[in-house]
>>> print(open('final-v1.cif').read())   # mmCIF, C-alpha atoms
data_final
#
loop_
_atom_site.label_atom_id
_atom_site.label_comp_id
_atom_site.auth_asym_id
_atom_site.auth_seq_id
_atom_site.Cartn_x
_atom_site.Cartn_y
_atom_site.Cartn_z
CA MET A 1 12.01 8.78 64.36
CA LYS A 2 11.86 5.45 62.52
CA VAL A 3 8.81 3.28 61.83
CA ASN A 4 8.88 -0.05 63.64
CA ILE A 5 7.57 -2.25 60.83
CA ASP A 6 6.91 -5.39 62.91
CA LYS A 7 4.94 -3.61 65.66
CA SER A 8 3.05 -1.47 63.14
CA TYR A 9 2.11 -4.56 61.10
CA LYS A 10 0.79 -6.38 64.18
CA LYS A 11 -1.43 -3.40 65.11
CA MET A 12 -2.93 -3.22 61.59
CA LYS A 13 -3.18 -6.97 60.96
CA GLU A 14 -6.68 -7.31 62.42
CA THR A 15 -8.27 -4.82 60.03
CA GLY A 16 -6.10 -5.79 57.10
CA THR A 17 -5.79 -2.16 55.98
CA PHE A 18 -3.12 0.48 56.33
CA ASP A 19 -3.90 3.04 59.02
CA GLU A 20 -1.34 5.79 59.54
CA SER A 21 -2.64 6.49 63.05
CA LEU A 22 -1.54 2.98 64.10
CA LEU A 23 2.09 3.38 63.05
CA VAL A 24 4.58 2.64 65.85
CA TYR A 25 7.76 4.71 65.95
CA ASP A 26 11.12 4.10 67.58
CA GLN A 27 13.41 6.95 68.58
CA VAL A 28 16.75 6.93 66.79
CA SER A 29 19.64 8.33 68.81
CA PRO A 30 21.57 11.12 67.05
CA GLU A 31 25.10 10.39 65.87
CA VAL A 32 26.26 13.58 67.61
CA SER A 33 24.89 14.77 70.95
CA LEU A 34 25.25 18.10 72.74
CA ASP A 35 27.96 16.60 74.97
CA ASP A 36 30.04 15.75 71.90
CA LEU A 37 30.20 19.34 70.69
CA PRO A 38 32.93 21.86 71.53
CA ALA A 39 32.25 24.70 73.99
CA SER A 40 29.60 26.95 72.50
CA PRO A 41 26.67 29.01 73.81
CA VAL A 42 23.24 27.47 73.26
CA TYR A 43 20.46 29.78 72.14
CA ARG A 44 17.65 27.40 71.17
CA GLY A 45 16.44 23.84 70.83
CA HIS A 46 15.82 21.89 67.64
CA PRO A 47 13.48 23.83 65.30
CA LYS A 48 11.44 20.68 64.61
CA LYS A 49 10.77 20.05 68.29
CA LYS A 50 7.43 21.63 69.20
CA MET A 51 8.61 22.83 72.56
CA VAL A 52 9.86 26.05 74.15
CA ALA A 53 11.68 26.66 77.42
CA PHE A 54 11.06 29.38 80.01
CA LEU A 55 14.32 30.83 81.38
CA ILE A 56 13.71 32.81 84.58
CA ASN A 57 16.78 34.75 85.72
CA VAL A 58 16.69 35.50 89.44
CA SER A 59 18.79 38.04 91.32
CA TRP A 60 15.90 40.09 92.76
CA GLY A 61 12.08 40.03 92.74
CA GLU A 62 11.60 37.42 95.46
CA GLU A 63 8.19 38.91 96.30
CA TYR A 64 6.82 37.71 92.94
CA ILE A 65 8.18 34.16 92.99
CA PRO A 66 5.39 32.46 95.02
CA ASP A 67 2.68 33.69 92.62
CA ILE A 68 4.80 32.80 89.59
CA LEU A 69 5.29 29.29 90.97
CA SER A 70 1.56 29.02 91.62
CA THR A 71 0.72 29.94 88.01
CA LEU A 72 3.27 27.48 86.64
CA LYS A 73 1.79 24.77 88.86
CA ASP A 74 -1.77 25.56 87.71
CA HIS A 75 -0.68 24.99 84.10
CA ASN A 76 1.56 22.01 84.90
CA VAL A 77 4.51 23.87 83.38
CA LYS A 78 8.12 23.38 84.46
CA ALA A 79 10.67 26.16 83.95
CA THR A 80 14.39 26.74 84.43
CA PHE A 81 15.33 29.24 87.15
CA PHE A 82 18.85 30.64 86.77
CA ILE A 83 19.68 31.81 90.28
CA GLU A 84 22.35 34.23 91.45
CA GLY A 85 24.54 32.80 94.23
CA LYS A 86 24.35 35.86 96.47
CA TRP A 87 20.54 35.88 96.18
CA ALA A 88 20.37 32.13 96.87
CA LYS A 89 22.24 32.59 100.18
CA LYS A 90 19.60 35.07 101.36
CA HIS A 91 16.60 33.14 100.04
CA ALA A 92 17.41 29.46 100.52
CA ASP A 93 13.76 28.77 101.35
CA LEU A 94 12.64 30.02 97.93
CA VAL A 95 15.39 28.04 96.19
CA LYS A 96 14.13 24.90 97.96
CA MET A 97 10.55 25.73 96.99
CA ILE A 98 11.49 26.12 93.32
CA HIS A 99 13.41 22.84 93.38
CA GLU A 100 10.71 20.92 95.25
CA GLN A 101 8.12 21.93 92.66
CA GLY A 102 10.15 20.18 89.97
CA HIS A 103 11.76 23.12 88.22
CA VAL A 104 15.36 23.03 87.01
CA ILE A 105 17.80 25.32 88.80
CA GLY A 106 20.67 26.86 86.87
CA ASN A 107 23.62 29.08 87.75
CA HIS A 108 23.42 32.88 87.21
CA ALA A 109 26.88 33.74 88.66
CA TYR A 110 27.43 34.98 92.21
CA ASN A 111 26.74 38.72 92.16
CA HIS A 112 25.59 39.62 88.63
CA PRO A 113 28.97 40.78 87.22
CA ASP A 114 29.87 41.56 83.61
CA MET A 115 31.45 38.18 82.89
CA ALA A 116 32.96 39.30 79.58
CA LYS A 117 35.24 41.72 81.45
CA MET A 118 36.57 39.24 83.99
CA ASN A 119 39.79 37.24 84.06
CA TYR A 120 39.89 33.45 84.05
CA GLN A 121 40.05 32.91 87.81
CA SER A 122 37.29 35.41 88.53
CA ILE A 123 35.00 33.62 86.06
CA VAL A 124 35.75 30.29 87.74
CA ASP A 125 35.10 31.78 91.19
CA GLN A 126 31.74 33.27 90.14
CA ILE A 127 30.45 29.96 88.77
CA VAL A 128 31.95 27.58 91.34
CA GLN A 129 30.89 29.67 94.34
CA THR A 130 27.32 29.74 93.08
CA ASN A 131 27.33 26.01 92.34
CA ASP A 132 28.53 25.32 95.89
CA ILE A 133 25.77 27.46 97.41
CA ILE A 134 23.04 25.87 95.32
CA LYS A 135 24.35 22.36 95.99
CA ALA A 136 24.30 23.07 99.74
CA ILE A 137 20.61 24.03 99.43
CA ILE A 138 19.19 21.40 97.04
CA GLY A 139 21.84 18.67 97.13
CA SER A 140 23.01 18.88 93.50
CA SER A 141 25.04 21.26 91.34
CA PRO A 142 23.54 23.07 88.34
CA LYS A 143 24.36 21.83 84.83
CA TRP A 144 23.31 25.05 83.10
CA PHE A 145 24.85 28.52 83.25
CA ALA A 146 23.25 31.80 82.16
CA PRO A 147 25.68 34.74 82.12
CA PRO A 148 24.17 37.86 83.71
CA SER A 149 22.76 40.32 81.14
CA GLY A 150 23.83 37.84 78.44
CA SER A 151 27.39 39.20 78.63
CA PHE A 152 29.99 36.58 77.72
CA ASN A 153 33.05 35.85 75.61
CA ASP A 154 34.83 32.69 74.50
CA GLN A 155 36.63 32.37 77.83
CA VAL A 156 33.35 32.42 79.79
CA VAL A 157 31.91 29.67 77.59
CA LYS A 158 35.09 27.58 77.86
CA VAL A 159 35.18 27.85 81.67
CA SER A 160 31.54 26.80 81.85
CA HIS A 161 32.33 23.84 79.58
CA GLN A 162 35.35 22.86 81.70
CA LEU A 163 33.04 22.79 84.71
CA HIS A 164 30.76 20.38 82.79
CA MET A 165 28.09 23.03 82.22
CA ASN A 166 26.42 24.48 79.14
CA THR A 167 26.12 28.23 78.62
CA ILE A 168 22.52 29.20 77.89
CA LEU A 169 21.23 32.35 76.18
CA TRP A 170 17.81 33.13 74.69
CA THR A 171 15.91 33.79 71.46
CA VAL A 172 12.79 35.53 72.81
CA ASP A 173 12.98 38.32 75.41
CA THR A 174 9.89 39.43 77.36
CA ILE A 175 11.78 42.60 78.47
CA ASP A 176 9.60 42.28 81.56
CA TRP A 177 11.98 44.45 83.62
CA LYS A 178 10.59 47.48 81.77
CA ASN A 179 7.20 46.67 83.32
CA PRO A 180 5.20 46.39 80.07
CA SER A 181 1.45 45.85 79.99
CA VAL A 182 0.27 42.25 79.55
CA SER A 183 -0.79 42.95 75.95
CA VAL A 184 2.58 44.50 75.03
CA MET A 185 4.48 41.56 76.55
CA LEU A 186 2.21 39.02 74.82
CA ASN A 187 2.63 40.72 71.44
CA ARG A 188 6.39 40.88 71.93
CA VAL A 189 6.58 37.13 72.61
CA ASN A 190 4.00 36.04 70.03
CA GLU A 191 5.81 37.88 67.25
CA LYS A 192 9.01 35.90 67.88
CA ILE A 193 7.95 32.58 69.42
CA HIS A 194 8.95 29.48 67.44
CA PRO A 195 9.58 25.76 68.01
CA GLY A 196 12.79 25.43 70.01
CA ALA A 197 12.57 28.95 71.46
CA THR A 198 14.06 29.96 74.78
CA VAL A 199 11.97 32.68 76.47
CA LEU A 200 13.75 35.00 78.89
CA MET A 201 11.92 36.47 81.87
CA HIS A 202 12.48 37.58 85.46
CA PRO A 203 10.44 37.58 88.68
CA THR A 204 8.76 40.92 87.98
CA ALA A 205 5.30 42.41 88.42
CA ALA A 206 4.82 42.19 84.64
CA THR A 207 5.58 38.46 84.56
CA GLU A 208 3.47 37.79 87.63
CA ARG A 209 0.59 39.64 85.94
CA GLY A 210 0.97 38.20 82.45
CA LEU A 211 2.28 34.66 82.95
CA ASN A 212 -1.14 33.02 82.83
CA SER A 213 -1.99 34.63 79.47
CA LEU A 214 1.52 33.98 78.15
CA ILE A 215 1.34 30.25 78.89
CA THR A 216 -2.14 29.98 77.35
CA SER A 217 -1.03 31.87 74.23
CA ILE A 218 2.00 29.62 73.68
CA LYS A 219 0.02 26.43 74.27
CA ASP A 220 -2.58 27.63 71.76
CA LYS A 221 0.19 27.51 69.16
CA ASP A 222 0.55 23.77 69.83
CA LEU A 223 3.86 24.29 71.61
CA LYS A 224 4.74 22.53 74.84
CA ILE A 225 6.54 24.51 77.56
CA SER A 226 9.28 22.81 79.56
CA THR A 227 12.77 23.14 81.02
CA ILE A 228 15.99 23.78 79.12
CA GLU A 229 16.92 20.19 79.98
CA LYS A 230 13.87 18.78 78.20
CA LEU A 231 14.17 21.22 75.29
CA LEU A 232 17.75 20.21 74.53
CA ASP A 233 17.17 16.50 75.10
CA ALA A 234 17.53 14.47 71.90
CA LYS A 235 14.21 12.74 72.56
CA ARG A 236 11.28 13.95 70.47
#
>>> encode(input="final-v1.cif", output="C-alpha cells")
Amino acid sequence: MKVNIDKSYKKMKETGTFDESLLVYDQVSPEVSLDDLPASPVYRGHPKKKMVAFLINVSWGEEYIPDILSTLKDHNVKATFFIEGKWAKKHADLVKMIHEQGHVIGNHAYNHPDMAKMNYQSIVDQIVQTNDIIKAIIGSSPKWFAPPSGSFNDQVVKVSHQLHMNTILWTVDTIDWKNPSVSVMLNRVNEKIHPGATVLMHPTAATERGLNSLITSIKDKDLKISTIEKLLDAKR
C-alpha cells in the first residue's frame, strides 16, 4: 500500500490538520505474482493479510452439504469446495448449488487415489477427467487442485501447473472426519489459526454442528473468511 499524497491532502485541506484516518491509499502491484512462480504447492496466503480460507474437500457427506451451505450463507462467508470427479457425476445438483451460491469449486481428483504413487499419465487423467465433469456442470474448469489426503510429489505439482492450476494444501486441519465435539474442533482450530491460514474440513456431522461457532470464533479474531482465490489475490 502507498499513500496517495494528492488525494490525502485534498481530504485534510478543509481542517488544515493532519488526520491519519483520512489518508488515501493506492494498491501497489507486486513485482512477482503467483503466476510468475515455478510449480510449487501453496499452503497459505500472505501472513500480513487478515484473511483465512475454508477448504472443504468433498468425496462423500452429501447429506451435510445443504446445512453447511445454509450456515455459510447466514454468515455471508464464501468457501472453496474441492470436489471429487466421481462424486460430482452422482451429485451434479449439489455441485450446481455450491456454484450458484458463489463458492469457488476446485478439483479433488476423480476417485480419491494416492496421487504420489501414480505415473504421469494417470495423474493427468485424474485431473483432466474431473475438470471435464465439473466444466460440464457449471460451465468452467477449476483453477485449483487439492490432492486427496494431501498426498503429492513433484510430478503431481508439475502436472497441475502444466494444466494451469495451482496445487493447494492446508495449514490448519479440523480433523472433522474423527467426529470431534464442537469444543474440541474449536480449540484445535483456535490454537493454530493465523492470518493467511487455510482451514481444511469436510462435509461431516462435526462440521455441520460446529461451523457456526467456528465462523464466529475466527471473525472474533478480526480475520475475514473467504475463498482460496481471494486469499491468494495480491490485493489487500
>>> atom_distance(input="final-v1.cif", atom1="atom CA of Pro195 of chain A", atom2="atom CA of Arg44 of chain A")
8.8 Å
>>> atom_distance(input="final-v1.cif", atom1="atom CA of Thr207 of chain A", atom2="atom CA of Ser181 of chain A")
9.6 Å
>>> residues_near_point(input="final-v1.cif", point="(4.2, 30.8, 91.7)", cutoff="12 Å", atoms="only C-alpha atoms", output="ChimeraX atom specification")
/A:62-79,94,97-98,101,103,203-204,207-209,211-212
>>> write_last_selection(input="final-v1.cif", atoms="C-alpha atoms", output="PDB file, in the coordinates of the input")
ATOM      1  CA  GLU A  62      11.600  37.420  95.460  1.00  0.00           C
ATOM      2  CA  GLU A  63       8.190  38.910  96.300  1.00  0.00           C
ATOM      3  CA  TYR A  64       6.820  37.710  92.940  1.00  0.00           C
ATOM      4  CA  ILE A  65       8.180  34.160  92.990  1.00  0.00           C
ATOM      5  CA  PRO A  66       5.390  32.460  95.020  1.00  0.00           C
ATOM      6  CA  ASP A  67       2.680  33.690  92.620  1.00  0.00           C
ATOM      7  CA  ILE A  68       4.800  32.800  89.590  1.00  0.00           C
ATOM      8  CA  LEU A  69       5.290  29.290  90.970  1.00  0.00           C
ATOM      9  CA  SER A  70       1.560  29.020  91.620  1.00  0.00           C
ATOM     10  CA  THR A  71       0.720  29.940  88.010  1.00  0.00           C
ATOM     11  CA  LEU A  72       3.270  27.480  86.640  1.00  0.00           C
ATOM     12  CA  LYS A  73       1.790  24.770  88.860  1.00  0.00           C
ATOM     13  CA  ASP A  74      -1.770  25.560  87.710  1.00  0.00           C
ATOM     14  CA  HIS A  75      -0.680  24.990  84.100  1.00  0.00           C
ATOM     15  CA  ASN A  76       1.560  22.010  84.900  1.00  0.00           C
ATOM     16  CA  VAL A  77       4.510  23.870  83.380  1.00  0.00           C
ATOM     17  CA  LYS A  78       8.120  23.380  84.460  1.00  0.00           C
ATOM     18  CA  ALA A  79      10.670  26.160  83.950  1.00  0.00           C
ATOM     19  CA  LEU A  94      12.640  30.020  97.930  1.00  0.00           C
ATOM     20  CA  MET A  97      10.550  25.730  96.990  1.00  0.00           C
ATOM     21  CA  ILE A  98      11.490  26.120  93.320  1.00  0.00           C
ATOM     22  CA  GLN A 101       8.120  21.930  92.660  1.00  0.00           C
ATOM     23  CA  HIS A 103      11.760  23.120  88.220  1.00  0.00           C
ATOM     24  CA  PRO A 203      10.440  37.580  88.680  1.00  0.00           C
ATOM     25  CA  THR A 204       8.760  40.920  87.980  1.00  0.00           C
ATOM     26  CA  THR A 207       5.580  38.460  84.560  1.00  0.00           C
ATOM     27  CA  GLU A 208       3.470  37.790  87.630  1.00  0.00           C
ATOM     28  CA  ARG A 209       0.590  39.640  85.940  1.00  0.00           C
ATOM     29  CA  LEU A 211       2.280  34.660  82.950  1.00  0.00           C
ATOM     30  CA  ASN A 212      -1.140  33.020  82.830  1.00  0.00           C
TER      31      ASN A 212
END
>>> closest_residue(input="final-v1.cif", among="A:Thr130, A:Gln162, A:Ser29, A:Ser141", to="Trp87 of chain A", atoms="all atoms listed in the file")
A:Thr130
>>> atom_distance(input="final-v1.cif", atom1="atom CA of Arg236 of chain A", atom2="atom CA of Pro30 of chain A")
11.2 Å
